[in-house]
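**Student:** Can you keep this structure in mind? I'll have questions shortly.
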Amino acid sequence: MGSAVREYPASYAQRGMWHAFELAPESSVYHVTVRADVSGHLDMAALRAAAGRLAQRHDVLRTTFRSTGDELSARVHDDLPVPVTEVHVADRDPDGFEDRVRHEARIPFRLTEEGPLRIVLLDGAPDRQVLLFVFHHMSWDFESIVLALRELGELYQDGLTRAGRDPGGTHREGAAGYAAFAEWEHTWVAGPEGEESQAYWAQQWADLPEALDLPSRRPRQAARSYTGAMHWTELEPTHVTGLDQLARDAGVTRYAVLLTAFTVLLSRFADQHEVTVGLAGSQRTLPEHRWTLGNFVNPLVLRSDVRPERTFRDLVTAGSRTVFAALRHRIVPFPLLVQRQRPDYDTSRAPVFDVLFAYDKPHNRDQDLLARFVAGRGETRWGDLLLRSRPLDCAETFYDLTTYVFDSSSAVAVRWEYNTDVLTDEAVAGLGRHFGALLSALLAAPDTPVGELVVDEPAESVATQETGISTASLVAAHAAAAPDRPALHCAGRVLSYGELHRSVERLADQLRAVGAGPGTEVAIRLPRSVGLVVALLAVDRVGGSCRLVDPHLDPPPGSVHLVVTEAGITRNSGAADAGPPATTDGDGGHLELLLARYPLDGRDRVLQHEPVTSRTPLAEFRWPLAAGAQLVLAPPDADGEPAGLAALLARERPTVVQLRTETLPAAVIEPLPPLPGLRRALCRGDVPSLAQVRQLRRWTGVEPDHLYLVDGTPVGALSEVDTADGFPLLDRLPPGVRPQLLDADGHPVPPHAVGVLTLSAPAPAGSPAQTSGPGILTCTGRLARREADGRIRLHGRASRRVRVGGYRVDLDEVERLLEAQPAVREAVVVTSEDQGRARMAAFLVPHRADGSGLRELREALSRQRARYLVPAEFHRIAQVPRDRHGRIDLAALTAPAADPDSEYTPPATPLERELALMWGDLLGVEKIGRHDDFFHSGGHSLLATRVSAEVKDRFGVALPVRTIFVSSTLERYAVAVLQALVEVAGAELVHHDKADAGTATGRRRPIESGGRDDPNA
């Protein structure tokens, strides 16, 4: 560059950002852009001169960086101009102009060659000029940007007057440069104060709470994304008044009250009592650094105990003390703490915390106005020139959620920056609305336990309607319209609708004779037969409610009045104990849901073959008859085994078959012979796994439908059951059923947050519960969240959510990810303890008997998902063990004595052997096999940086650090190194050819060598 260079060790903040920069050098996540619409004439010569004078004043503007191994050096140049360019935009379309603005803001910085500031004027149609100030966060913080723009404006105005003097203004003679700060920081860290503060943070970081589990839109990907967006909200004037009142009463600052409210918000959204959040701290502690431009940002880790029994006032007081203690130790560099305390953090997430809270309160009115300008919501004047800023689309963001609070004297604005691959637009908008509503509740009742606060938000409407379809009445109507149409078929006996109606009327008369009527509860103890169907329709006819009772068990529940058996009708003389819950005729809208969602007609033959138990939904029998179709019952002695069911289907040739989710793994063995008439397979029960969905599709040859039931109670119809990236949607709920999502303490969760799905439904007509309570409550035990359109998105079972390596992991979700892989037919994931830490183990049934494809599974999954979602162990099994009810027998899952998929395979090539030795030295591992994973062998992000540096030193090729994250096995990493070597060799050959050509024509060109020590490596 032709100018003298002074070099010094980069600050810790710059080192931390450099590490992130190496992982994504093309990303603009660390760009801080101020976008200003220009009104008036902008003198470009004066602007260039002002930028040059600003660079001469502040060394940070003349700084580039050089990385050598583990070290990062900052290089201050005597002369490194700030680029000030003008771009003429020919596109007259406003959208096209804005696209060019965004493009210019996102052009990557080459930090090894250029300084950390670019200024661009975009000149479009008449009266359309936009001035961009693009700062790279490596060398800037918010306060430095405010100071720099104020000083730049003063220099610009001075240049217009041609005074040629130093305008003074915000610039202070004798202010220390950033290089001086970096040198002071390294000295302080090694001194006694630094050691004391590091000991404080080591204690604070010990056993940190699990990472915040914000309601993510999809499983976290392996490669960290930075795709961002932003949302603005503003606090009500009453909030500002209430904040100040509580702050005065508690003897704290407005900042402490806002921060505490924010932690309560996160606690509610993540359903966690312990919350870890990052605070945007600053290392500007010395007077000589007050006017220094540079990156003084130093995140502080705040852990809060937001137990529901604590009051908001108590939380504010405790939180203020915690913040005060943290500020006393705020100089310790966060990247240094990560390196020493958490070097093995998962790089699919930010280290230590995923949510940052930043608070900005200007010191005076002038700084307030300029801070608003930098934030994208203000204006500033440079003489006659007016610059109005407005937010630039947040294209990228570093954390899952960054909440910036801009606190002026009279108003408080909040900017929510969020990762769109983690949070939806609707979720963040809901977060902003809930924050306002929560603040109102907290400030109105600061002495009420936070778990008891009722947050007043508009209730989400749920369509409801009265239930009460009488199947017997519908059968009577079908009998009148088509008396000879077949209605019921069982064991060779066929009843027409006319015959069925007459049988129902006869039994109904007998029931009335013994006192049955509305409100009478009748137990039916009959096997699967014509008599069972007639009995349940007869109970419906007299207005009673019905319970099915397993005919092989007695006595019937003590709450029933009458019992129908093969011997006739008897009064129940059993005990008064109501017994276990059983299916009743008030089925919570199950029948209405079936009729609306899965219509039938007189041509349909619906097969019912499941055993009759107290959990059997009555709608399985009522649905076909209410629609005028034919109900085909399997003989009472049919056992439901795969061979018998296949024979039954071939013989009866139904158009619709009803199955149970729990029996699918046992039933789905061999594909059925072609069944041309089969058009629908309705599977009822728990949410199916991907393996069950796909096996059922292969077995029946039709696209299956799924109805979610819990203990026989209908929850709703499912859609999107075959998605590997998530769980199904509850596409339609039964009429009258209201869903609620509750947290671990039984309170409703905020909008878009994840909670346990609980349903409330009207009590059956005439039942005691109809008058004694709100109705029937059913806890599904399954986690769920509400989508933007109001539908419920299901997640895994709450009992299967565990903590692995400090992160919440849904084992059902991991199983779904595994079953989406081509090599896997079925998967079961369990956890075990290893030296006090949970480890996941996957038991896999391969699609092919030889298990081909399973060996590559770990690497394939590692490329798709975050490391903590990848099981530590993979075991091949022939089949998943199950008990007699079809449930997975977890106790029978044991790792094979010799697992062929975990055997050591030595490196196969000289390059692999060289890399294996390098990895082994860095990881402290004696043997590295060609299928071994760098991270599962003990590697982490900081060691990944060292691998990249070692490869450059030994082989002369510069592989990006991110390479090892997408090619994490020795075999694949060796391929990446080899490809880089080939590219370098090819480039050298091209340069040699050009050089030879240059010699032949008298124009020799220098060879640009790749710098490899050994071309044959």
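Residue numbering restarts at 1 in every chain; chains get A, B, ... in the order shown in the structure tokens, and ligands count up from 1 in that same order.
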Could you tell me, as a PyMOL selection string, which residues of segment 69-129 of chain A DSSP assigns to alpha helix (DSSP H) when given the backbone?
**Tutor:** chain A and resi 94-106
**Student:** Please provide as number ranges by chain all residues within 8 Å of Pro518 of chain A, with the sequence filter that same-chain residues fewer than 2 positions apart are discarded (counting only C-alpha atoms).
**Tutor:** A: 516, 520, 542-545, 766
**Student:** What would the file look like if the residues just selected were written as a JSON list (two decimals), in the first residue's frame with N, CA and C atoms?
**Tutor:**
[["chain", "number", "residue", "atom", "x", "y", "z"],
["A", 516, "ALA", "N", -84.66, -46.34, 30.73],
["A", 516, "ALA", "CA", -83.62, -45.57, 30.04],
["A", 516, "ALA", "C", -84.22, -44.35, 29.35],
["A", 520, "THR", "N", -79.38, -41.16, 30.88],
["A", 520, "THR", "CA", -79.07, -42.52, 31.35],
["A", 520, "THR", "C", -77.74, -42.98, 30.75],
["A", 542, "VAL", "N", -82.62, -43.41, 22.49],
["A", 542, "VAL", "CA", -83.37, -43.02, 23.69],
["A", 542, "VAL", "C", -82.77, -41.77, 24.35],
["A", 543, "GLY", "N", -81.64, -41.24, 23.81],
["A", 543, "GLY", "CA", -81.04, -40.02, 24.35],
["A", 543, "GLY", "C", -80.05, -40.27, 25.47],
["A", 544, "GLY", "N", -79.67, -41.52, 25.67],
["A", 544, "GLY", "CA", -78.71, -41.83, 26.74],
["A", 544, "GLY", "C", -77.28, -41.66, 26.27],
["A", 545, "SER", "N", -76.36, -41.89, 27.18],
["A", 545, "SER", "CA", -74.93, -41.88, 26.84],
["A", 545, "SER", "C", -74.39, -43.29, 27.01],
["A", 766, "GLY", "N", -76.61, -34.19, 29.48],
["A", 766, "GLY", "CA", -77.21, -34.95, 30.56],
["A", 766, "GLY", "C", -76.24, -35.52, 31.55]]
**Student:** Within 12 Å of segment 356-361 of chain A, which residues of segment 279-322 of chain A come that close, and what is the closest atom pair and distance in Å for each? Count only C-alpha atoms and give it as CSV.
**Tutor:**
residue,atom,partner,partner_atom,distance
A:Leu279,CA,A:Phe357,CA,5.0
A:Ala280,CA,A:Ala358,CA,5.0
A:Gly281,CA,A:Ala358,CA,8.1
A:Ser282,CA,A:Ala358,CA,10.7
A:Val297,CA,A:Ala358,CA,10.5
A:Asn298,CA,A:Ala358,CA,11.3
A:Pro299,CA,A:Leu356,CA,8.3
A:Leu300,CA,A:Leu356,CA,9.4
A:Val301,CA,A:Leu356,CA,9.3
A:Leu302,CA,A:Leu356,CA,10.0
**Student:** What is the atom CA of Gly191 of chain A-atom CA of Arg284 of chain A distance in Å, reported with one decimal?
**Tutor:** 18.2 Å
**Student:** Please return, as a PyMOL selection string, all residues of segment 735-858 of chain A that DSSP assigns to strand (DSSP E or B) on the basis of the backbone.
**Tutor:** chain A and resi 738-742+748+755-761+776-786+792-797+801-804+807-810+824-834+837-846
**Student:** Of the candidates A:Val957, A:Leu23, A:Val606, A:Met138, which shows the shortest atom-to-atom distance to Leu659 of chain A, using only C-alpha atoms?
**Tutor:**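 With only C-alpha atoms as the atom set, the closest residue is A:Val606.
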**Student:** Rank A:Ala190, A:Val804, A:Leu783, A:Met17 by their smallest atom-to-atom distance to Pro215 of chain A, using only C-alpha atoms, and report the top residue only.
**Tutor:**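 Using only C-alpha atoms, Pro215 of chain A sits closest to A:Leu783.
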**Student:** Taking only C-alpha atoms into account, which of A:Ala445, A:Leu707, A:Leu147, A:Val977 comes nearest Glu620 of chain A?
**Tutor:**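 Among A:Ala445, A:Leu707, A:Leu147, A:Val977, it is A:Leu707 that comes nearest to Glu620 of chain A.
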**Student:** I'd like to know which of A:Arg603, A:Arg62, A:Arg248, A:Arg800 is closest to Thr655 of chain A, using only C-alpha atoms.
**Tutor:** A:Arg603
**Student:** Just want the 10 Å neighbourhood of Ser529 of chain A, counted on only C-alpha atoms, with same-chain residues fewer than 3 positions away dropped. Output as a ChimeraX atom specification.
**Tutor:** /A:488-491,493,526,532-534,612,632-636
**Student:** In Å, rounded to a single decimal, give me how far atom CA of Pro881 of chain A is from atom CA of Leu893 of chain A.
**Tutor:**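 Atom CA of Leu893 of chain A sits 7.1 Å away from atom CA of Pro881 of chain A.
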